file my_file14.pdb (PDB, C-alpha atoms, pLDDT in the B column)
ATOM      1  CA  MET A   1      24.256   4.506   4.613  1.00 45.00           C
ATOM      2  CA  PRO A   2      25.399   8.131   4.068  1.00 42.00           C
ATOM      3  CA  GLY A   3      27.155   9.865   6.955  1.00 40.00           C
ATOM      4  CA  LEU A   4      28.549  13.395   7.322  1.00 33.00           C
ATOM      5  CA  ALA A   5      32.239  14.196   6.945  1.00 38.00           C
ATOM      6  CA  ALA A   6      34.067  16.941   8.865  1.00 35.00           C
ATOM      7  CA  THR A   7      33.648  19.159   5.822  1.00 35.00           C
ATOM      8  CA  GLY A   8      29.885  18.903   6.133  1.00 34.00           C
ATOM      9  CA  LYS A   9      29.627  17.063   2.816  1.00 39.00           C
ATOM     10  CA  PRO A  10      27.792  13.722   2.598  1.00 40.00           C
ATOM     11  CA  THR A  11      30.033  10.686   2.705  1.00 49.00           C
ATOM     12  CA  SER A  12      29.537   6.930   2.842  1.00 55.00           C
ATOM     13  CA  LEU A  13      30.215   4.909   5.958  1.00 83.00           C
ATOM     14  CA  LYS A  14      33.194   2.581   5.931  1.00 92.00           C
ATOM     15  CA  LEU A  15      32.027  -0.746   4.536  1.00 96.00           C
ATOM     16  CA  HIS A  16      33.472  -4.234   4.213  1.00 97.00           C
ATOM     17  CA  ILE A  17      33.508  -4.934   0.473  1.00 98.00           C
ATOM     18  CA  ALA A  18      34.646  -7.949  -1.530  1.00 98.00           C
ATOM     19  CA  VAL A  19      35.691  -7.780  -5.180  1.00 98.00           C
ATOM     20  CA  PHE A  20      35.300 -11.152  -6.883  1.00 98.00           C
ATOM     21  CA  GLY A  21      37.650 -11.009  -9.868  1.00 96.00           C
ATOM     22  CA  ALA A  22      40.802  -8.898  -9.951  1.00 95.00           C
ATOM     23  CA  GLY A  23      41.154  -8.094 -13.630  1.00 95.00           C
ATOM     24  CA  CYS A  24      41.229  -4.543 -14.952  1.00 95.00           C
ATOM     25  CA  ILE A  25      37.681  -3.594 -13.931  1.00 96.00           C
ATOM     26  CA  GLY A  26      37.773  -5.315 -10.545  1.00 97.00           C
ATOM     27  CA  SER A  27      41.147  -3.762  -9.765  1.00 97.00           C
ATOM     28  CA  MET A  28      39.856  -0.293 -10.647  1.00 97.00           C
ATOM     29  CA  PHE A  29      36.880  -0.711  -8.326  1.00 98.00           C
ATOM     30  CA  ALA A  30      39.143  -1.954  -5.523  1.00 98.00           C
ATOM     31  CA  TRP A  31      41.648   0.876  -6.053  1.00 98.00           C
ATOM     32  CA  HIS A  32      39.079   3.646  -5.686  1.00 97.00           C
ATOM     33  CA  LEU A  33      37.036   2.003  -2.939  1.00 97.00           C
ATOM     34  CA  VAL A  34      40.202   1.763  -0.818  1.00 97.00           C
ATOM     35  CA  ARG A  35      42.090   4.958  -1.654  1.00 96.00           C
ATOM     36  CA  ASP A  36      39.195   7.357  -2.234  1.00 96.00           C
ATOM     37  CA  GLY A  37      36.362   5.663  -0.365  1.00 96.00           C
ATOM     38  CA  GLY A  38      38.300   4.466   2.691  1.00 96.00           C
ATOM     39  CA  HIS A  39      36.583   1.078   2.677  1.00 97.00           C
ATOM     40  CA  GLU A  40      37.956  -2.289   3.752  1.00 97.00           C
ATOM     41  CA  VAL A  41      38.312  -4.357   0.590  1.00 98.00           C
ATOM     42  CA  THR A  42      38.991  -8.054   0.074  1.00 98.00           C
ATOM     43  CA  VAL A  43      39.997  -9.097  -3.446  1.00 98.00           C
ATOM     44  CA  VAL A  44      39.358 -12.650  -4.645  1.00 98.00           C
ATOM     45  CA  ALA A  45      41.618 -13.736  -7.509  1.00 97.00           C
ATOM     46  CA  ARG A  46      43.177 -16.810  -9.073  1.00 95.00           C
ATOM     47  CA  GLY A  47      46.163 -17.896 -11.151  1.00 96.00           C
ATOM     48  CA  ALA A  48      49.026 -15.522 -11.844  1.00 96.00           C
ATOM     49  CA  ARG A  49      46.979 -12.518 -10.710  1.00 97.00           C
ATOM     50  CA  LEU A  50      46.440 -14.119  -7.315  1.00 97.00           C
ATOM     51  CA  ALA A  51      50.166 -14.804  -6.927  1.00 97.00           C
ATOM     52  CA  GLN A  52      51.003 -11.213  -7.786  1.00 97.00           C
ATOM     53  CA  LEU A  53      48.457  -9.769  -5.366  1.00 97.00           C
ATOM     54  CA  GLN A  54      49.645 -12.064  -2.591  1.00 97.00           C
ATOM     55  CA  ALA A  55      53.179 -10.776  -3.141  1.00 96.00           C
ATOM     56  CA  ASP A  56      52.183  -7.103  -3.363  1.00 96.00           C
ATOM     57  CA  LYS A  57      49.341  -7.187  -0.806  1.00 95.00           C
ATOM     58  CA  ALA A  58      47.884  -4.284  -2.748  1.00 97.00           C
ATOM     59  CA  ILE A  59      46.551  -3.022  -6.070  1.00 98.00           C
ATOM     60  CA  LEU A  60      49.372  -1.055  -7.714  1.00 97.00           C
ATOM     61  CA  ASN A  61      49.500   1.577 -10.414  1.00 96.00           C
ATOM     62  CA  ARG A  62      52.468   2.185 -12.700  1.00 95.00           C
ATOM     63  CA  SER A  63      53.915   4.674 -10.212  1.00 95.00           C
ATOM     64  CA  ASN A  64      53.810   1.916  -7.580  1.00 96.00           C
ATOM     65  CA  ASP A  65      51.218   3.780  -5.529  1.00 97.00           C
ATOM     66  CA  ARG A  66      49.324   1.292  -3.408  1.00 97.00           C
ATOM     67  CA  ALA A  67      45.750   0.455  -2.492  1.00 97.00           C
ATOM     68  CA  GLU A  68      46.115  -1.968   0.404  1.00 97.00           C
ATOM     69  CA  VAL A  69      43.712  -4.913   0.136  1.00 98.00           C
ATOM     70  CA  THR A  70      43.168  -8.294   1.719  1.00 98.00           C
ATOM     71  CA  VAL A  71      43.870 -11.009  -0.853  1.00 98.00           C
ATOM     72  CA  SER A  72      42.151 -14.379  -1.002  1.00 98.00           C
ATOM     73  CA  ALA A  73      42.004 -17.347  -3.352  1.00 97.00           C
ATOM     74  CA  ASN A  74      38.412 -18.088  -2.330  1.00 97.00           C
ATOM     75  CA  LEU A  75      35.290 -16.205  -1.352  1.00 97.00           C
ATOM     76  CA  ASP A  76      34.602 -16.923   2.322  1.00 97.00           C
ATOM     77  CA  PRO A  77      30.889 -17.824   2.564  1.00 97.00           C
ATOM     78  CA  THR A  78      30.770 -17.002   6.280  1.00 97.00           C
ATOM     79  CA  VAL A  79      31.706 -13.323   5.869  1.00 97.00           C
ATOM     80  CA  SER A  80      28.667 -11.078   5.493  1.00 97.00           C
ATOM     81  CA  TYR A  81      30.202  -8.441   3.255  1.00 98.00           C
ATOM     82  CA  ASP A  82      28.205  -5.244   2.961  1.00 97.00           C
ATOM     83  CA  LEU A  83      28.774  -5.391  -0.778  1.00 97.00           C
ATOM     84  CA  LEU A  84      30.139  -8.099  -3.061  1.00 98.00           C
ATOM     85  CA  LEU A  85      31.210  -6.873  -6.508  1.00 98.00           C
ATOM     86  CA  VAL A  86      31.297  -9.593  -9.148  1.00 97.00           C
ATOM     87  CA  SER A  87      33.800  -8.350 -11.724  1.00 96.00           C
ATOM     88  CA  VAL A  88      34.393 -11.433 -13.839  1.00 94.00           C
ATOM     89  CA  LYS A  89      33.819 -11.799 -17.582  1.00 89.00           C
ATOM     90  CA  GLY A  90      30.305 -12.505 -18.779  1.00 84.00           C
ATOM     91  CA  ASN A  91      31.170 -16.061 -19.815  1.00 86.00           C
ATOM     92  CA  GLN A  92      32.506 -16.778 -16.309  1.00 91.00           C
ATOM     93  CA  VAL A  93      29.373 -15.788 -14.393  1.00 92.00           C
ATOM     94  CA  THR A  94      27.593 -19.147 -14.693  1.00 90.00           C
ATOM     95  CA  GLU A  95      30.613 -20.951 -13.270  1.00 92.00           C
ATOM     96  CA  ALA A  96      30.711 -18.529 -10.337  1.00 94.00           C
ATOM     97  CA  LEU A  97      27.011 -18.705  -9.413  1.00 95.00           C
ATOM     98  CA  PRO A  98      27.261 -21.610  -6.900  1.00 96.00           C
ATOM     99  CA  THR A  99      29.988 -19.726  -5.022  1.00 96.00           C
ATOM    100  CA  LEU A 100      27.957 -16.521  -5.054  1.00 97.00           C
ATOM    101  CA  GLN A 101      24.810 -18.334  -3.904  1.00 96.00           C
ATOM    102  CA  ALA A 102      26.698 -19.692  -0.899  1.00 97.00           C
ATOM    103  CA  SER A 103      27.953 -16.244   0.088  1.00 97.00           C
ATOM    104  CA  THR A 104      26.272 -14.441   2.988  1.00 97.00           C
ATOM    105  CA  ALA A 105      27.024 -11.026   1.475  1.00 98.00           C
ATOM    106  CA  LYS A 106      24.204  -8.537   2.025  1.00 97.00           C
ATOM    107  CA  THR A 107      24.263  -7.205  -1.546  1.00 97.00           C
ATOM    108  CA  ILE A 108      25.764  -8.886  -4.609  1.00 97.00           C
ATOM    109  CA  MET A 109      26.377  -6.498  -7.484  1.00 97.00           C
ATOM    110  CA  PHE A 110      27.266  -7.937 -10.877  1.00 95.00           C
ATOM    111  CA  ASN A 111      29.543  -5.872 -13.143  1.00 92.00           C
ATOM    112  CA  SER A 112      29.845  -8.252 -16.083  1.00 85.00           C
ATOM    113  CA  VAL A 113      28.897  -7.048 -19.548  1.00 79.00           C
ATOM    114  CA  THR A 114      26.310  -9.526 -20.747  1.00 77.00           C
ATOM    115  CA  PHE A 115      23.564  -9.988 -23.308  1.00 74.00           C
ATOM    116  CA  SER A 116      21.870 -12.614 -21.135  1.00 79.00           C
ATOM    117  CA  PRO A 117      18.779 -11.685 -19.087  1.00 84.00           C
ATOM    118  CA  LEU A 118      19.801 -10.278 -15.728  1.00 89.00           C
ATOM    119  CA  ALA A 119      17.008 -12.355 -14.163  1.00 90.00           C
ATOM    120  CA  LEU A 120      19.336 -15.366 -14.373  1.00 90.00           C
ATOM    121  CA  MET A 121      21.708 -13.716 -11.898  1.00 93.00           C
ATOM    122  CA  GLN A 122      18.920 -12.194  -9.827  1.00 93.00           C
ATOM    123  CA  ASN A 123      17.159 -15.526  -9.359  1.00 94.00           C
ATOM    124  CA  ALA A 124      20.439 -17.223  -8.452  1.00 94.00           C
ATOM    125  CA  VAL A 125      21.376 -14.902  -5.563  1.00 96.00           C
ATOM    126  CA  GLY A 126      17.899 -13.700  -4.581  1.00 94.00           C
ATOM    127  CA  GLY A 127      16.090 -10.551  -5.588  1.00 92.00           C
ATOM    128  CA  ASP A 128      16.645  -8.896  -2.209  1.00 94.00           C
ATOM    129  CA  ARG A 129      20.435  -9.185  -2.608  1.00 96.00           C
ATOM    130  CA  PHE A 130      20.774  -8.563  -6.341  1.00 95.00           C
ATOM    131  CA  ALA A 131      22.173  -5.373  -7.842  1.00 94.00           C
ATOM    132  CA  TYR A 132      23.797  -4.508 -11.152  1.00 94.00           C
ATOM    133  CA  GLY A 133      26.407  -1.896 -11.942  1.00 93.00           C
ATOM    134  CA  PHE A 134      27.555  -1.464 -15.530  1.00 91.00           C
ATOM    135  CA  PRO A 135      31.095   0.015 -15.610  1.00 92.00           C
ATOM    136  CA  LYS A 136      31.487   2.228 -18.664  1.00 87.00           C
ATOM    137  CA  PHE A 137      34.999   3.356 -17.786  1.00 89.00           C
ATOM    138  CA  PRO A 138      38.011   1.906 -19.643  1.00 87.00           C
ATOM    139  CA  ALA A 139      40.605   0.101 -17.549  1.00 92.00           C
ATOM    140  CA  PHE A 140      43.993  -1.277 -18.538  1.00 92.00           C
ATOM    141  CA  MET A 141      46.844  -3.032 -16.780  1.00 95.00           C
ATOM    142  CA  LYS A 142      50.443  -3.520 -17.836  1.00 94.00           C
ATOM    143  CA  GLU A 143      52.578  -6.049 -15.997  1.00 94.00           C
ATOM    144  CA  GLY A 144      49.810  -6.311 -13.409  1.00 94.00           C
ATOM    145  CA  LYS A 145      49.684  -2.585 -12.642  1.00 97.00           C
ATOM    146  CA  LEU A 146      46.871  -0.177 -13.471  1.00 97.00           C
ATOM    147  CA  VAL A 147      47.919   2.117 -16.308  1.00 95.00           C
ATOM    148  CA  ASN A 148      45.542   4.954 -15.457  1.00 93.00           C
ATOM    149  CA  THR A 149      43.398   5.198 -12.332  1.00 95.00           C
ATOM    150  CA  LYS A 150      41.416   8.326 -13.150  1.00 94.00           C
ATOM    151  CA  ILE A 151      37.793   7.765 -14.172  1.00 94.00           C
ATOM    152  CA  SER A 152      36.125  10.437 -16.275  1.00 91.00           C
ATOM    153  CA  SER A 153      32.656  11.736 -15.443  1.00 90.00           C
ATOM    154  CA  PHE A 154      31.821  11.055 -19.101  1.00 87.00           C
ATOM    155  CA  THR A 155      31.999   7.304 -18.421  1.00 86.00           C
ATOM    156  CA  PRO A 156      29.772   6.823 -15.365  1.00 90.00           C
ATOM    157  CA  THR A 157      28.955   3.447 -13.895  1.00 93.00           C
ATOM    158  CA  ILE A 158      25.237   2.786 -14.397  1.00 91.00           C
ATOM    159  CA  VAL A 159      23.740   1.374 -11.181  1.00 93.00           C
ATOM    160  CA  THR A 160      20.329  -0.157 -10.501  1.00 91.00           C
ATOM    161  CA  GLN A 161      20.026   0.879  -6.822  1.00 91.00           C
ATOM    162  CA  ALA A 162      20.257   4.475  -5.642  1.00 91.00           C
ATOM    163  CA  GLN A 163      22.108   3.741  -2.394  1.00 90.00           C
ATOM    164  CA  TRP A 164      25.182   2.529  -4.265  1.00 95.00           C
ATOM    165  CA  VAL A 165      25.367   5.577  -6.525  1.00 95.00           C
ATOM    166  CA  GLN A 166      26.530   7.792  -3.668  1.00 93.00           C
ATOM    167  CA  LEU A 167      28.980   5.213  -2.365  1.00 95.00           C
ATOM    168  CA  PHE A 168      30.667   5.017  -5.771  1.00 97.00           C
ATOM    169  CA  ASN A 169      30.604   8.777  -6.322  1.00 96.00           C
ATOM    170  CA  ASP A 170      32.200   9.313  -2.900  1.00 95.00           C
ATOM    171  CA  ALA A 171      34.963   6.905  -3.977  1.00 96.00           C
ATOM    172  CA  HIS A 172      35.593   8.899  -7.192  1.00 96.00           C
ATOM    173  CA  ILE A 173      33.835   6.305  -9.328  1.00 97.00           C
ATOM    174  CA  PRO A 174      31.375   8.537 -11.235  1.00 96.00           C
ATOM    175  CA  SER A 175      27.987   6.824 -11.176  1.00 95.00           C
ATOM    176  CA  ARG A 176      24.330   7.436 -11.856  1.00 92.00           C
ATOM    177  CA  LEU A 177      21.055   5.586 -11.463  1.00 91.00           C
ATOM    178  CA  THR A 178      19.769   3.899 -14.585  1.00 82.00           C
ATOM    179  CA  PRO A 179      16.607   5.641 -15.880  1.00 66.00           C
ATOM    180  CA  CYS A 180      15.378   2.482 -17.616  1.00 68.00           C
ATOM    181  CA  ASP A 181      15.436  -1.254 -17.128  1.00 77.00           C
ATOM    182  CA  MET A 182      18.949  -2.629 -17.297  1.00 80.00           C
ATOM    183  CA  ASP A 183      18.187  -5.445 -19.726  1.00 80.00           C
ATOM    184  CA  SER A 184      17.116  -2.900 -22.342  1.00 75.00           C
ATOM    185  CA  TYR A 185      20.123  -0.719 -21.601  1.00 75.00           C
ATOM    186  CA  MET A 186      22.552  -3.600 -22.080  1.00 76.00           C
ATOM    187  CA  ARG A 187      20.988  -4.609 -25.385  1.00 73.00           C
ATOM    188  CA  ALA A 188      21.226  -1.037 -26.662  1.00 73.00           C
ATOM    189  CA  HIS A 189      24.834  -0.790 -25.507  1.00 73.00           C
ATOM    190  CA  VAL A 190      25.906  -4.047 -27.156  1.00 72.00           C
ATOM    191  CA  ALA A 191      24.192  -3.122 -30.420  1.00 72.00           C
ATOM    192  CA  ALA A 192      25.833   0.312 -30.463  1.00 73.00           C
ATOM    193  CA  ALA A 193      29.299  -0.686 -29.262  1.00 76.00           C
ATOM    194  CA  THR A 194      29.813  -3.715 -31.512  1.00 78.00           C
ATOM    195  CA  PRO A 195      30.246  -1.831 -34.827  1.00 82.00           C
ATOM    196  CA  LEU A 196      32.484   0.775 -33.201  1.00 80.00           C
ATOM    197  CA  LEU A 197      34.722  -1.835 -31.583  1.00 80.00           C
ATOM    198  CA  THR A 198      34.809  -3.770 -34.863  1.00 84.00           C
ATOM    199  CA  LEU A 199      36.211  -0.695 -36.616  1.00 85.00           C
ATOM    200  CA  CYS A 200      38.813  -0.252 -33.874  1.00 84.00           C
ATOM    201  CA  SER A 201      39.864  -3.876 -34.297  1.00 85.00           C
ATOM    202  CA  ILE A 202      40.126  -3.529 -38.086  1.00 87.00           C
ATOM    203  CA  ALA A 203      42.223  -0.376 -37.780  1.00 86.00           C
ATOM    204  CA  HIS A 204      44.495  -1.944 -35.167  1.00 84.00           C
ATOM    205  CA  MET A 205      45.153  -5.082 -37.235  1.00 88.00           C
ATOM    206  CA  ARG A 206      45.900  -3.057 -40.344  1.00 88.00           C
ATOM    207  CA  GLY A 207      47.903  -0.417 -38.564  1.00 87.00           C
ATOM    208  CA  THR A 208      46.554   2.189 -40.957  1.00 84.00           C
ATOM    209  CA  GLY A 209      42.900   2.964 -40.336  1.00 84.00           C
ATOM    210  CA  ILE A 210      39.608   2.315 -42.113  1.00 86.00           C
ATOM    211  CA  THR A 211      38.153   3.336 -45.455  1.00 89.00           C
ATOM    212  CA  TRP A 212      35.301   5.787 -45.923  1.00 88.00           C
ATOM    213  CA  ALA A 213      33.078   2.981 -47.238  1.00 87.00           C
ATOM    214  CA  GLU A 214      33.753   0.919 -44.099  1.00 86.00           C
ATOM    215  CA  ALA A 215      32.973   3.903 -41.888  1.00 85.00           C
ATOM    216  CA  CYS A 216      29.677   4.503 -43.711  1.00 85.00           C
ATOM    217  CA  LYS A 217      28.710   0.837 -43.500  1.00 83.00           C
ATOM    218  CA  HIS A 218      29.214   0.658 -39.743  1.00 80.00           C
ATOM    219  CA  ALA A 219      27.670   4.090 -39.165  1.00 80.00           C
ATOM    220  CA  LYS A 220      24.425   2.772 -40.651  1.00 79.00           C
ATOM    221  CA  VAL A 221      24.319   0.149 -37.910  1.00 75.00           C
ATOM    222  CA  VAL A 222      24.945   2.753 -35.206  1.00 73.00           C
ATOM    223  CA  ALA A 223      22.288   5.059 -36.670  1.00 74.00           C
ATOM    224  CA  HIS A 224      19.778   2.212 -36.862  1.00 71.00           C
ATOM    225  CA  THR A 225      20.395   1.352 -33.202  1.00 65.00           C
ATOM    226  CA  LYS A 226      19.795   4.968 -32.226  1.00 63.00           C
ATOM    227  CA  ASP A 227      16.525   4.956 -34.194  1.00 66.00           C
ATOM    228  CA  LEU A 228      15.412   1.786 -32.402  1.00 59.00           C
ATOM    229  CA  CYS A 229      16.070   3.414 -29.032  1.00 58.00           C
ATOM    230  CA  SER A 230      14.295   6.606 -30.073  1.00 57.00           C
ATOM    231  CA  SER A 231      11.247   4.730 -31.301  1.00 51.00           C
ATOM    232  CA  ARG A 232      11.183   2.715 -28.041  1.00 46.00           C
ATOM    233  CA  ARG A 233      11.177  -0.583 -29.866  1.00 46.00           C
ATOM    234  CA  LEU A 234      14.434  -1.584 -28.158  1.00 46.00           C
ATOM    235  CA  CYS A 235      14.485   0.473 -24.995  1.00 46.00           C
ATOM    236  CA  HIS A 236      11.811   2.604 -23.329  1.00 42.00           C
ATOM    237  CA  CYS A 237      14.326   5.372 -22.727  1.00 46.00           C
ATOM    238  CA  GLN A 238      17.321   6.859 -24.520  1.00 46.00           C
ATOM    239  CA  ALA A 239      19.779   6.114 -21.737  1.00 45.00           C
ATOM    240  CA  ALA A 240      22.265   4.522 -24.092  1.00 44.00           C
ATOM    241  CA  TRP A 241      22.211   7.614 -26.294  1.00 44.00           C
ATOM    242  CA  PRO A 242      22.565  10.650 -23.970  1.00 44.00           C
ATOM    243  CA  GLN A 243      24.396  12.692 -26.600  1.00 40.00           C
ATOM    244  CA  CYS A 244      21.915  11.966 -29.370  1.00 37.00           C
ATOM    245  CA  SER A 245      18.855  12.443 -27.173  1.00 37.00           C
ATOM    246  CA  THR A 246      19.909  15.981 -26.244  1.00 34.00           C
ATOM    247  CA  GLY A 247      20.919  16.852 -29.776  1.00 32.00           C
ATOM    248  CA  ARG A 248      24.534  17.670 -28.913  1.00 31.00           C
ATOM    249  CA  ILE A 249      25.896  15.082 -31.299  1.00 36.00           C
ATOM    250  CA  GLU A 250      24.206  13.797 -34.452  1.00 39.00           C
ATOM    251  CA  LEU A 251      25.591  11.536 -37.133  1.00 38.00           C
ATOM    252  CA  ASP A 252      26.406  13.356 -40.304  1.00 40.00           C
ATOM    253  CA  GLU A 253      23.683  12.550 -42.850  1.00 41.00           C
ATOM    254  CA  GLN A 254      26.182  11.643 -45.513  1.00 39.00           C
ATOM    255  CA  LEU A 255      28.050   9.324 -43.158  1.00 40.00           C
ATOM    256  CA  ALA A 256      24.836   7.626 -42.087  1.00 42.00           C
ATOM    257  CA  THR A 257      23.490   7.104 -45.591  1.00 43.00           C
ATOM    258  CA  GLY A 258      26.589   7.014 -47.798  1.00 42.00           C
ATOM    259  CA  VAL A 259      27.926   3.896 -49.459  1.00 36.00           C
TER     260      VAL A 259
END

call {"tool": "encode", "arguments": {"input": "my_file14.pdb", "output": "structure tokens"}}
result
Amino acid sequence: MPGLAATGKPTSLKLHIAVFGAGCIGSMFAWHLVRDGGHEVTVVARGARLAQLQADKAILNRSNDRAEVTVSANLDPTVSYDLLLVSVKGNQVTEALPTLQASTAKTIMFNSVTFSPLALMQNAVGGDRFAYGFPKFPAFMKEGKLVNTKISSFTPTIVTQAQWVQLFNDAHIPSRLTPCDMDSYMRAHVAAATPLLTLCSIAHMRGTGITWAEACKHAKVVAHTKDLCSSRRLCHCQAAWPQCSTGRIELDEQLATGV
């Protein structure tokens, strides 16, 4: 897959890629794969998002910069895409499986955050075509336009196959190969992220913030998850805790044990 650019630096060959689902995450993938990766991208959408993309014929940011894409209401089963990115919500995957099974895409990479075994998706599309890429980057749209298109290296996409890591990195989508099985990684991520997102939701609804007691209560859950990862009862690596595993960040003892 890798070629050599005029600069002498490795680059990915131009590929035909489909993005199934044009929400925030799917739109971010499409944006970078077109503008930074130089790939030919078809976006499959529905509803109001489909109508907007058909009018714009591109993914737009708030400055009205464009990433030109082909827009479709359906995934064409006769097109053998080099890569098919499935960027729908976790609860929409089951509904999409018959369509994905019928596709002749060479590789089908799921991006949905899920607590379900990945074997369900793998068995549906075939192990030789299955891949998973967990997008850790935040993505937001306002009035159908991407608010921020820059992806930080601190939020890499975790990918299960090495060949796609370079393709994403070349397209300015920071990525790395998962050092452990993805099912374990996802369980660790869900367990760690849930209490943190709960606190964010509480603070947002109140408009003021959280109490020290609430912070301590939720920190206990985060600390317990880290201990499970460290003891290998939940995950046989510490991939979900890169900061903790290197000792750069540790929970304050009082925060972790206070009431």

call {"tool": "residues_around", "arguments": {"input": "my_file14.pdb", "residues": "Ile158 of chain A", "least_positions_apart": "3", "cutoff": "10 Å", "atoms": "only C-alpha atoms", "output": "list of chain:residue names"}}
result
A:Asn111, A:Tyr132, A:Gly133, A:Phe134, A:Pro135, A:Lys136, A:Thr155, A:Gln161, A:Val165, A:Pro174, A:Ser175, A:Arg176, A:Leu177, A:Thr178, A:Pro179, A:Met182, A:Tyr185, A:Ala239

call {"tool": "atom_distance", "arguments": {"input": "my_file14.pdb", "atom1": "atom CA of Ala124 of chain A", "atom2": "atom CA of Ala45 of chain A"}}
result
21.5 Å

call {"tool": "closest_residue", "arguments": {"input": "my_file14.pdb", "among": "A:Pro195, A:Gly144, A:Gly37, A:Gly207", "to": "Gln52 of chain A", "atoms": "only C-alpha atoms"}}
result
A:Gly144

call {"tool": "resolve_selection", "arguments": {"input": "my_file14.pdb", "expression": "the PyMOL selection byres ((chain A and resi 214) around 12)", "output": "list of chain:residue names"}}
result
A:Pro195, A:Leu196, A:Thr198, A:Leu199, A:Cys200, A:Ile202, A:Ala203, A:Gly209, A:Ile210, A:Thr211, A:Trp212, A:Ala213, A:Ala215, A:Cys216, A:Lys217, A:His218, A:Ala219, A:Lys220, A:Val221, A:Leu255, A:Ala256, A:Gly258, A:Val259

call {"tool": "write_last_selection", "arguments": {"input": "my_file14.pdb", "atoms": "C-alpha atoms", "output": "PDB file, keeping the file's coordinate frame"}}
result
ATOM      1  CA  PRO A 195      30.246  -1.831 -34.827  1.00 82.00           C
ATOM      2  CA  LEU A 196      32.484   0.775 -33.201  1.00 80.00           C
ATOM      3  CA  THR A 198      34.809  -3.770 -34.863  1.00 84.00           C
ATOM      4  CA  LEU A 199      36.211  -0.695 -36.616  1.00 85.00           C
ATOM      5  CA  CYS A 200      38.813  -0.252 -33.874  1.00 84.00           C
ATOM      6  CA  ILE A 202      40.126  -3.529 -38.086  1.00 87.00           C
ATOM      7  CA  ALA A 203      42.223  -0.376 -37.780  1.00 86.00           C
ATOM      8  CA  GLY A 209      42.900   2.964 -40.336  1.00 84.00           C
ATOM      9  CA  ILE A 210      39.608   2.315 -42.113  1.00 86.00           C
ATOM     10  CA  THR A 211      38.153   3.336 -45.455  1.00 89.00           C
ATOM     11  CA  TRP A 212      35.301   5.787 -45.923  1.00 88.00           C
ATOM     12  CA  ALA A 213      33.078   2.981 -47.238  1.00 87.00           C
ATOM     13  CA  ALA A 215      32.973   3.903 -41.888  1.00 85.00           C
ATOM     14  CA  CYS A 216      29.677   4.503 -43.711  1.00 85.00           C
ATOM     15  CA  LYS A 217      28.710   0.837 -43.500  1.00 83.00           C
ATOM     16  CA  HIS A 218      29.214   0.658 -39.743  1.00 80.00           C
ATOM     17  CA  ALA A 219      27.670   4.090 -39.165  1.00 80.00           C
ATOM     18  CA  LYS A 220      24.425   2.772 -40.651  1.00 79.00           C
ATOM     19  CA  VAL A 221      24.319   0.149 -37.910  1.00 75.00           C
ATOM     20  CA  LEU A 255      28.050   9.324 -43.158  1.00 40.00           C
ATOM     21  CA  ALA A 256      24.836   7.626 -42.087  1.00 42.00           C
ATOM     22  CA  GLY A 258      26.589   7.014 -47.798  1.00 42.00           C
ATOM     23  CA  VAL A 259      27.926   3.896 -49.459  1.00 36.00           C
TER      24      VAL A 259
END

call {"tool": "atom_distance", "arguments": {"input": "my_file14.pdb", "atom1": "atom CA of Ala191 of chain A", "atom2": "atom CA of Ala131 of chain A"}}
result
22.8 Å

call {"tool": "axis_aligned_box", "arguments": {"input": "my_file14.pdb", "around": "segment 161-175 of chain A", "padding_each_side": "3 Å", "output": "AutoDock Vina command-line options"}}
result
--center_x 27.8 --center_y 5.1 --center_z -6.8 --size_x 21.6 --size_y 14.4 --size_z 14.9

call {"tool": "residues_around", "arguments": {"input": "my_file14.pdb", "residues": "Ser63 of chain A", "least_positions_apart": "5", "cutoff": "12 Å", "atoms": "only C-alpha atoms", "output": "PDB file with C-alpha atoms, in the frame of the given file"}}
result
ATOM      1  CA  LYS A 142      50.443  -3.520 -17.836  1.00 94.00           C
ATOM      2  CA  LYS A 145      49.684  -2.585 -12.642  1.00 97.00           C
ATOM      3  CA  LEU A 146      46.871  -0.177 -13.471  1.00 97.00           C
ATOM      4  CA  VAL A 147      47.919   2.117 -16.308  1.00 95.00           C
ATOM      5  CA  ASN A 148      45.542   4.954 -15.457  1.00 93.00           C
ATOM      6  CA  THR A 149      43.398   5.198 -12.332  1.00 95.00           C
TER       7      THR A 149
END

call {"tool": "residues_around", "arguments": {"input": "my_file14.pdb", "residues": "Arg35 of chain A", "least_positions_apart": "2", "cutoff": "9 Å", "atoms": "only C-alpha atoms", "output": "PDB file with C-alpha atoms, in the coordinates of the input"}}
result
ATOM      1  CA  ALA A  30      39.143  -1.954  -5.523  1.00 98.00           C
ATOM      2  CA  TRP A  31      41.648   0.876  -6.053  1.00 98.00           C
ATOM      3  CA  HIS A  32      39.079   3.646  -5.686  1.00 97.00           C
ATOM      4  CA  LEU A  33      37.036   2.003  -2.939  1.00 97.00           C
ATOM      5  CA  GLY A  37      36.362   5.663  -0.365  1.00 96.00           C
ATOM      6  CA  GLY A  38      38.300   4.466   2.691  1.00 96.00           C
ATOM      7  CA  HIS A  39      36.583   1.078   2.677  1.00 97.00           C
ATOM      8  CA  ARG A  66      49.324   1.292  -3.408  1.00 97.00           C
ATOM      9  CA  ALA A  67      45.750   0.455  -2.492  1.00 97.00           C
ATOM     10  CA  GLU A  68      46.115  -1.968   0.404  1.00 97.00           C
ATOM     11  CA  ALA A 171      34.963   6.905  -3.977  1.00 96.00           C
TER      12      ALA A 171
END
